[in-house]
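Next up, final.pdb (PDB, C-alpha atoms and all ligand atoms):
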ATOM      1  CA  MET A 689      72.470-144.204 -94.718
ATOM      2  CA  GLY A 690      75.813-145.859 -94.014
ATOM      3  CA  ILE A 691      78.404-144.654 -91.546
ATOM      4  CA  LEU A 692      80.666-143.226 -94.244
ATOM      5  CA  GLU A 693      77.886-141.239 -95.827
ATOM      6  CA  ALA A 694      76.840-139.899 -92.450
ATOM      7  CA  ARG A 695      80.392-138.710 -91.759
ATOM      8  CA  ARG A 696      80.467-136.729 -94.971
ATOM      9  CA  ARG A 697      77.801-134.451 -93.627
ATOM     10  CA  PRO A 698      79.044-131.175 -92.167
ATOM     11  CA  PRO A 699      78.544-130.578 -88.459
ATOM     12  CA  LEU A 700      74.819-130.154 -88.023
ATOM     13  CA  VAL A 701      73.487-126.912 -86.632
ATOM     14  CA  ALA A 702      71.007-127.140 -83.813
ATOM     15  CA  SER A 703      67.545-126.731 -85.284
ATOM     16  CA  LEU A 704      65.774-124.547 -82.769
ATOM     17  CA  GLU A 705      67.214-121.131 -82.121
ATOM     18  CA  MET A 706      68.228-120.560 -78.525
ATOM     19  CA  LYS A 707      69.460-117.296 -77.033
ATOM     20  CA  PHE A 708      69.687-117.895 -73.298
ATOM     21  CA  CYS A 709      70.654-120.786 -71.067
ATOM     22  CA  SER A 710      67.670-122.443 -69.404
ATOM     23  CA  ALA A 711      69.889-123.385 -66.434
ATOM     24  CA  CYS A 712      71.303-119.947 -65.527
ATOM     25  CA  GLY A 713      69.886-117.347 -67.929
ATOM     26  CA  ALA A 714      73.215-116.297 -69.470
ATOM     27  CA  PRO A 715      73.593-116.048 -73.275
ATOM     28  CA  VAL A 716      74.414-119.220 -75.180
ATOM     29  CA  ALA A 717      76.711-119.597 -78.194
ATOM     30  CA  LEU A 718      76.898-122.200 -80.969
ATOM     31  CA  ARG A 719      80.045-124.225 -80.412
ATOM     32  CA  GLN A 720      81.366-127.654 -81.225
ATOM     33  CA  PRO A 721      82.219-129.236 -77.869
ATOM     34  CA  PRO A 722      85.466-131.267 -77.704
ATOM     35  CA  GLY A 723      84.870-134.779 -78.969
ATOM     36  CA  ASP A 724      81.541-133.803 -80.504
ATOM     37  CA  ASN A 725      80.800-133.598 -84.242
ATOM     38  CA  HIS A 726      77.775-131.333 -83.981
ATOM     39  CA  LEU A 727      77.338-127.675 -83.202
ATOM     40  CA  ARG A 728      75.544-127.245 -79.894
ATOM     41  CA  TYR A 729      74.223-124.330 -77.935
ATOM     42  CA  VAL A 730      76.670-123.996 -75.050
ATOM     43  CA  CYS A 731      76.171-121.621 -72.152
ATOM     44  CA  THR A 732      78.814-118.869 -72.042
ATOM     45  CA  ALA A 733      78.616-118.758 -68.248
ATOM     46  CA  CYS A 734      77.897-122.225 -66.802
ATOM     47  CA  ALA A 735      79.067-124.242 -69.856
ATOM     48  CA  THR A 736      75.908-126.361 -69.948
ATOM     49  CA  VAL A 737      75.557-128.036 -73.360
ATOM     50  CA  HIS A 738      71.965-127.865 -74.615
ATOM     51  CA  TYR A 739      71.479-130.940 -76.785
ATOM     52  CA  GLN A 740      68.700-130.986 -79.366
ATOM     53  CA  ASN A 741      67.522-134.310 -80.744
ATOM     54  CA  PRO A 742      64.813-135.491 -83.141
ATOM     55  CA  LEU A 743      61.209-135.539 -82.065
ATOM     56  CA  LEU A 744      58.943-138.560 -82.407
ATOM     57  CA  VAL A 745      55.627-138.106 -84.178
ATOM     58  CA  ILE A 746      53.266-141.001 -83.453
ATOM     59  CA  GLY A 747      50.126-141.844 -85.388
ATOM     60  CA  ALA A 748      47.467-144.504 -85.806
ATOM     61  CA  ILE A 749      45.536-146.008 -88.726
ATOM     62  CA  PRO A 750      42.117-146.613 -87.161
ATOM     63  CA  GLU A 751      40.201-149.218 -89.172
ATOM     64  CA  TRP A 752      36.556-150.128 -88.610
ATOM     65  CA  HIS A 753      35.304-153.690 -89.113
ATOM     66  CA  ASP A 754      34.090-152.944 -92.628
ATOM     67  CA  GLY A 755      37.526-151.760 -93.749
ATOM     68  CA  ARG A 756      36.908-148.040 -93.620
ATOM     69  CA  ILE A 757      39.721-145.842 -92.299
ATOM     70  CA  LEU A 758      39.270-142.875 -89.993
ATOM     71  CA  LEU A 759      40.763-139.582 -91.138
ATOM     72  CA  CYS A 760      40.684-136.140 -89.515
ATOM     73  CA  ARG A 761      40.381-132.825 -91.335
ATOM     74  CA  ARG A 762      42.802-130.416 -89.731
ATOM     75  CA  ALA A 763      41.350-127.347 -88.020
ATOM     76  CA  ILE A 764      44.795-125.916 -87.263
ATOM     77  CA  GLU A 765      47.949-124.919 -89.087
ATOM     78  CA  PRO A 766      49.998-126.261 -90.679
ATOM     79  CA  ARG A 767      47.938-127.739 -93.510
ATOM     80  CA  HIS A 768      44.651-126.351 -92.212
ATOM     81  CA  GLY A 769      41.710-128.000 -94.003
ATOM     82  CA  LEU A 770      43.658-131.012 -95.245
ATOM     83  CA  TRP A 771      43.177-134.616 -94.128
ATOM     84  CA  THR A 772      45.415-136.659 -91.900
ATOM     85  CA  LEU A 773      45.550-139.772 -89.797
ATOM     86  CA  PRO A 774      45.361-139.023 -86.072
ATOM     87  CA  GLY A 775      48.843-138.373 -84.746
ATOM     88  CA  GLY A 776      51.162-135.931 -83.064
ATOM     89  CA  PHE A 777      54.204-135.432 -80.900
ATOM     90  CA  MET A 778      54.963-138.057 -78.290
ATOM     91  CA  GLU A 779      54.893-136.742 -74.720
ATOM     92  CA  ASN A 780      57.373-137.438 -71.971
ATOM     93  CA  GLY A 781      56.296-140.252 -69.684
ATOM     94  CA  GLU A 782      54.279-142.246 -72.214
ATOM     95  CA  THR A 783      54.957-145.195 -74.486
ATOM     96  CA  THR A 784      54.648-145.128 -78.262
ATOM     97  CA  THR A 785      51.384-147.083 -78.231
ATOM     98  CA  GLU A 786      49.990-144.831 -75.499
ATOM     99  CA  ALA A 787      50.877-141.846 -77.664
ATOM    100  CA  ALA A 788      49.065-143.337 -80.667
ATOM    101  CA  ALA A 789      45.926-144.017 -78.620
ATOM    102  CA  ARG A 790      46.043-140.609 -76.922
ATOM    103  CA  GLU A 791      46.409-138.716 -80.187
ATOM    104  CA  THR A 792      43.482-140.649 -81.666
ATOM    105  CA  LEU A 793      41.369-139.779 -78.644
ATOM    106  CA  GLU A 794      42.404-136.112 -78.679
ATOM    107  CA  GLU A 795      41.937-135.476 -82.389
ATOM    108  CA  ALA A 796      38.948-137.713 -83.096
ATOM    109  CA  ASN A 797      37.506-138.647 -79.695
ATOM    110  CA  ALA A 798      37.899-142.183 -80.986
ATOM    111  CA  ARG A 799      38.776-145.265 -78.976
ATOM    112  CA  VAL A 800      41.179-147.696 -80.598
ATOM    113  CA  ALA A 801      43.038-150.895 -79.854
ATOM    114  CA  ILE A 802      46.571-150.213 -81.023
ATOM    115  CA  GLY A 803      48.096-153.023 -83.085
ATOM    116  CA  ASP A 804      51.434-153.554 -84.779
ATOM    117  CA  LEU A 805      53.922-150.862 -85.697
ATOM    118  CA  TYR A 806      53.504-150.375 -89.433
ATOM    119  CA  THR A 807      55.546-147.458 -90.807
ATOM    120  CA  VAL A 808      58.748-145.756 -89.666
ATOM    121  CA  TYR A 809      59.792-142.688 -91.647
ATOM    122  CA  ASN A 810      62.905-140.606 -91.067
ATOM    123  CA  LEU A 811      62.536-136.902 -91.822
ATOM    124  CA  PRO A 812      66.092-135.668 -91.172
ATOM    125  CA  ASP A 813      65.500-132.257 -92.759
ATOM    126  CA  ILE A 814      63.034-131.372 -90.004
ATOM    127  CA  ASN A 815      64.538-133.546 -87.263
ATOM    128  CA  GLN A 816      61.559-135.851 -86.861
ATOM    129  CA  VAL A 817      60.886-139.584 -86.903
ATOM    130  CA  HIS A 818      57.313-140.650 -87.653
ATOM    131  CA  LEU A 819      55.909-143.934 -86.366
ATOM    132  CA  THR A 820      52.452-145.144 -87.355
ATOM    133  CA  PHE A 821      50.598-148.080 -85.822
ATOM    134  CA  ARG A 822      47.771-150.148 -87.195
ATOM    135  CA  ALA A 823      44.697-149.780 -85.005
ATOM    136  CA  GLN A 824      41.221-151.225 -84.602
ATOM    137  CA  LEU A 825      38.486-148.658 -84.091
ATOM    138  CA  LEU A 826      36.376-149.860 -81.156
ATOM    139  CA  ASP A 827      33.122-147.944 -81.657
ATOM    140  CA  LEU A 828      31.523-145.311 -83.857
ATOM    141  CA  ASP A 829      31.035-142.662 -81.178
ATOM    142  CA  PHE A 830      33.809-140.450 -82.503
ATOM    143  CA  PHE A 831      33.581-136.721 -83.114
ATOM    144  CA  PRO A 832      36.069-133.971 -83.944
ATOM    145  CA  GLY A 833      38.546-132.955 -81.265
ATOM    146  CA  ALA A 834      39.820-129.401 -80.846
ATOM    147  CA  GLU A 835      42.369-129.774 -83.659
ATOM    148  CA  SER A 836      39.916-131.298 -86.170
ATOM    149  CA  SER A 837      36.955-129.850 -88.063
ATOM    150  CA  GLU A 838      35.704-133.219 -89.345
ATOM    151  CA  VAL A 839      36.323-136.872 -88.563
ATOM    152  CA  VAL A 840      35.194-139.288 -91.268
ATOM    153  CA  LEU A 841      35.452-142.993 -92.067
ATOM    154  CA  PHE A 842      36.631-143.400 -95.653
ATOM    155  CA  GLU A 843      36.447-146.389 -97.919
ATOM    156  CA  GLU A 844      39.613-146.864 -99.912
ATOM    157  CA  ARG A 845      38.079-145.525-103.116
ATOM    158  CA  ASP A 846      36.995-142.327-101.347
ATOM    159  CA  ILE A 847      40.313-141.422 -99.708
ATOM    160  CA  PRO A 848      41.020-137.735-100.521
ATOM    161  CA  TRP A 849      44.443-138.473-102.006
ATOM    162  CA  ASP A 850      44.948-134.934-103.285
ATOM    163  CA  GLU A 851      44.038-133.371 -99.964
ATOM    164  CA  LEU A 852      46.291-135.267 -97.565
ATOM    165  CA  ALA A 853      48.204-133.024 -95.184
ATOM    166  CA  PHE A 854      51.605-134.707 -94.959
ATOM    167  CA  ARG A 855      53.777-136.973 -97.086
ATOM    168  CA  PRO A 856      54.196-139.621 -94.350
ATOM    169  CA  ILE A 857      50.399-139.895 -94.295
ATOM    170  CA  LEU A 858      50.256-140.308 -98.075
ATOM    171  CA  TYR A 859      52.951-142.980 -98.105
ATOM    172  CA  THR A 860      51.504-144.813 -95.111
ATOM    173  CA  LEU A 861      48.070-145.007 -96.726
ATOM    174  CA  GLN A 862      49.499-146.061-100.101
ATOM    175  CA  HIS A 863      51.303-148.942 -98.441
ATOM    176  CA  TYR A 864      48.368-149.785 -96.228
ATOM    177  CA  PHE A 865      45.852-150.399 -98.959
ATOM    178  CA  ALA A 866      48.353-152.299-101.126
ATOM    179  CA  ASP A 867      49.423-154.485 -98.198
ATOM    180  CA  ARG A 868      45.864-155.069 -97.063
ATOM    181  CA  ALA A 869      44.979-156.297-100.537
ATOM    182  CA  ALA A 870      47.996-158.599-100.416
ATOM    183  CA  GLY A 871      46.983-159.892 -97.005
ATOM    184  CA  GLU A 872      50.031-158.974 -94.936
ATOM    185  CA  PHE A 873      51.486-155.891 -93.319
ATOM    186  CA  PRO A 874      55.293-155.953 -93.226
ATOM    187  CA  LEU A 875      57.004-153.069 -91.453
ATOM    188  CA  ARG A 876      57.519-150.261 -93.971
ATOM    189  CA  THR A 877      60.377-147.843 -93.476
ATOM    190  CA  GLY A 878      61.997-145.117 -95.531
ATOM    191  CA  ASP A 879      63.553-141.677 -95.598
ATOM    192  CA  ILE A 880      61.486-138.679 -96.601
ATOM    193  CA  LEU A 881      63.721-135.861 -97.810
ATOM    194  CA  LYS A 882      62.845-132.322 -98.825
ATOM    195  CA  SER A 883      65.038-132.692-101.888
ATOM    196  CA  GLN A 884      63.134-135.711-103.162
ATOM    197  CA  LYS A 885      59.509-135.041-103.937
ATOM    198  CA  GLN A 886      58.512-138.661-104.302
ATOM    199  CA  ALA A 887      55.035-139.080-105.717
ATOM    200  CA  VAL A 888      54.856-142.566-104.290
ATOM    201  CA  ALA A 889      56.144-144.203-101.159
ATOM    202  CA  PRO A 890      59.948-144.313-100.856
ATOM    203  CA  THR A 891      61.984-147.485-101.125
ATOM    204  CA  LEU A 892      60.191-150.421 -99.674
ATOM    205  CA  ILE A 893      61.618-153.101 -97.476
TER     206      ILE A 893
HETATM  207 ZN    ZN A 901      74.115-121.452 -68.126
END

Take the structure in the file and give it back as structure tokens.
Ligand SMILES: [Zn+2]
Amino acid sequence: MGILEARRRPPLVASLEMKFCSACGAPVALRQPPGDNHLRYVCTACATVHYQNPLLVIGAIPEWHDGRILLCRRAIEPRHGLWTLPGGFMENGETTTEAAARETLEEANARVAIGDLYTVYNLPDINQVHLTFRAQLLDLDFFPGAESSEVVLFEERDIPWDELAFRPILYTLQHYFADRAAGEFPLRTGDILKSQKQAVAPTLI
């Protein structure tokens, strides 16, 4: 999105409802601070501005030597029972590659060597940015973590395309198998919008 298009958007409302100031406990109100173009929760007593910014969701594409890809069946909401690549919210104090390895360990008890960044998807409607890394699975001693009911290595032809939990996962896997067949993995980026129910991966670069 260009600068002009971005400016046409109305002031964005903070996404998470807040009632009280975390600094002093007084009520907060939605206001547009001077010089700001967004509505923010501002404390009515101490004037602290509570900024809210997008969250990073980090994932991995663990591949075994024979080309199979590790997927997890979700044991939690949302999308309980559907399949996903290991991934989740980045924590404070860690790097993006540490987050990818940690999520893979937590959800699949799988050890990976994290490789190149592969997909970057903007999800502005839900204030998230999803990053997914290629990864080499280091052994076969994986088993489901607390958030997974099954962890399975899938060959490309067996990927449960109709039972994938999230659109970034679908698009990442679509690109992955096409790029692997072509022999190179360029960085893939795009915007995933609620208003556009793309059946295939958004605009490629
Ligand atoms: Zn306050």

Please write the residues picked by the PyMOL selection byres (((chain A and resi 808) around 8) and not hetatm) on this file as an MDAnalysis selection string. chainID A and resid 806:807 809:810 817:820 875:878

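With distances taken over all atoms listed in the file, A:Leu743 is the one residue among A:Leu743, A:Leu727, A:Leu718, A:Val737 lying closest to Asp813 in chain A.
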
Ligand ZN 901 (chain A) neighbours within 6 Å using all atoms listed in the file, as a VMD selection string: chain A and resid 709 711 to 714 731 733 to 736

For Asp804 in chain A, which residue among A:Val730, A:Ala788, A:Ile847, A:Val745 is the nearest when counting only C-alpha atoms? A:Ala788

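When the PyMOL selection byres (((chain A and resi 777) around 7) and not hetatm) is evaluated on the file shown here, the picked residues come out as Leu744, Val745, Ile746, Gly776, Met778 and Glu779 of chain A.
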
Between CA of Ser883 in chain A and CA of Glu844 in chain A, what is the distance, to one decimal in Å? 29.2 Å

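Applying the 6 Å criterion to (36.6, -139.9, -89.2) in file coordinates and using all atoms listed in the file, one obtains the residues A:Leu758, A:Leu759, A:Cys760, A:Val839, A:Val840, A:Leu841.
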
Can you check which parts of range 738-792 of chain A lie within 9 Å of range 855-869 of chain A? Per residue, the shortest pair of atoms and distance in Å to one decimal, counting only C-alpha atoms, sorted by chain and number, as a Markdown table.
| residue | atom | partner | partner_atom | distance |
| --- | --- | --- | --- | --- |
| A:Ile749 | CA | A:Leu861 | CA | 8.5 |
| A:Trp771 | CA | A:Ile857 | CA | 8.9 |
| A:Thr772 | CA | A:Ile857 | CA | 6.4 |
| A:Leu773 | CA | A:Ile857 | CA | 6.6 |

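Nearest to Glu765 in chain A of all the residues A:Pro722, A:Ile880, A:Phe873, A:Ala853 is A:Ala853, counting only C-alpha atoms.
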
Could you tell me, as a ChimeraX atom specification, exactly which residues end up selected when the PyMOL selection byres (((chain A and resi 835) around 6) and not hetatm) is applied to this structure? /A:763-764,795,833-834,836

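Pairwise distance (CA of Thr783 in chain A, CA of Glu838 in chain A) equals 27.1 Å.
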
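With all atoms listed in the file as the atoms that count, the residue of A:Glu872, A:Asp754, A:Asp724, A:Asp879 with the shortest distance to Arg822 in chain A is A:Glu872.
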
Draw an axis-aligned box tight on the listed atoms of range 720-725 of chain A, then pad every side by 4 Å and write out centre and edge lengths in Å to one decimal as lines of an AutoDock Vina configuration file.
center_x = 83.1
center_y = -131.2
center_z = -81.0
size_x = 12.7
size_y = 15.1
size_z = 14.5

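One distance worth recording is that between CA of Gly769 in chain A and CA of Glu705 in chain A, which is 29.0 Å.
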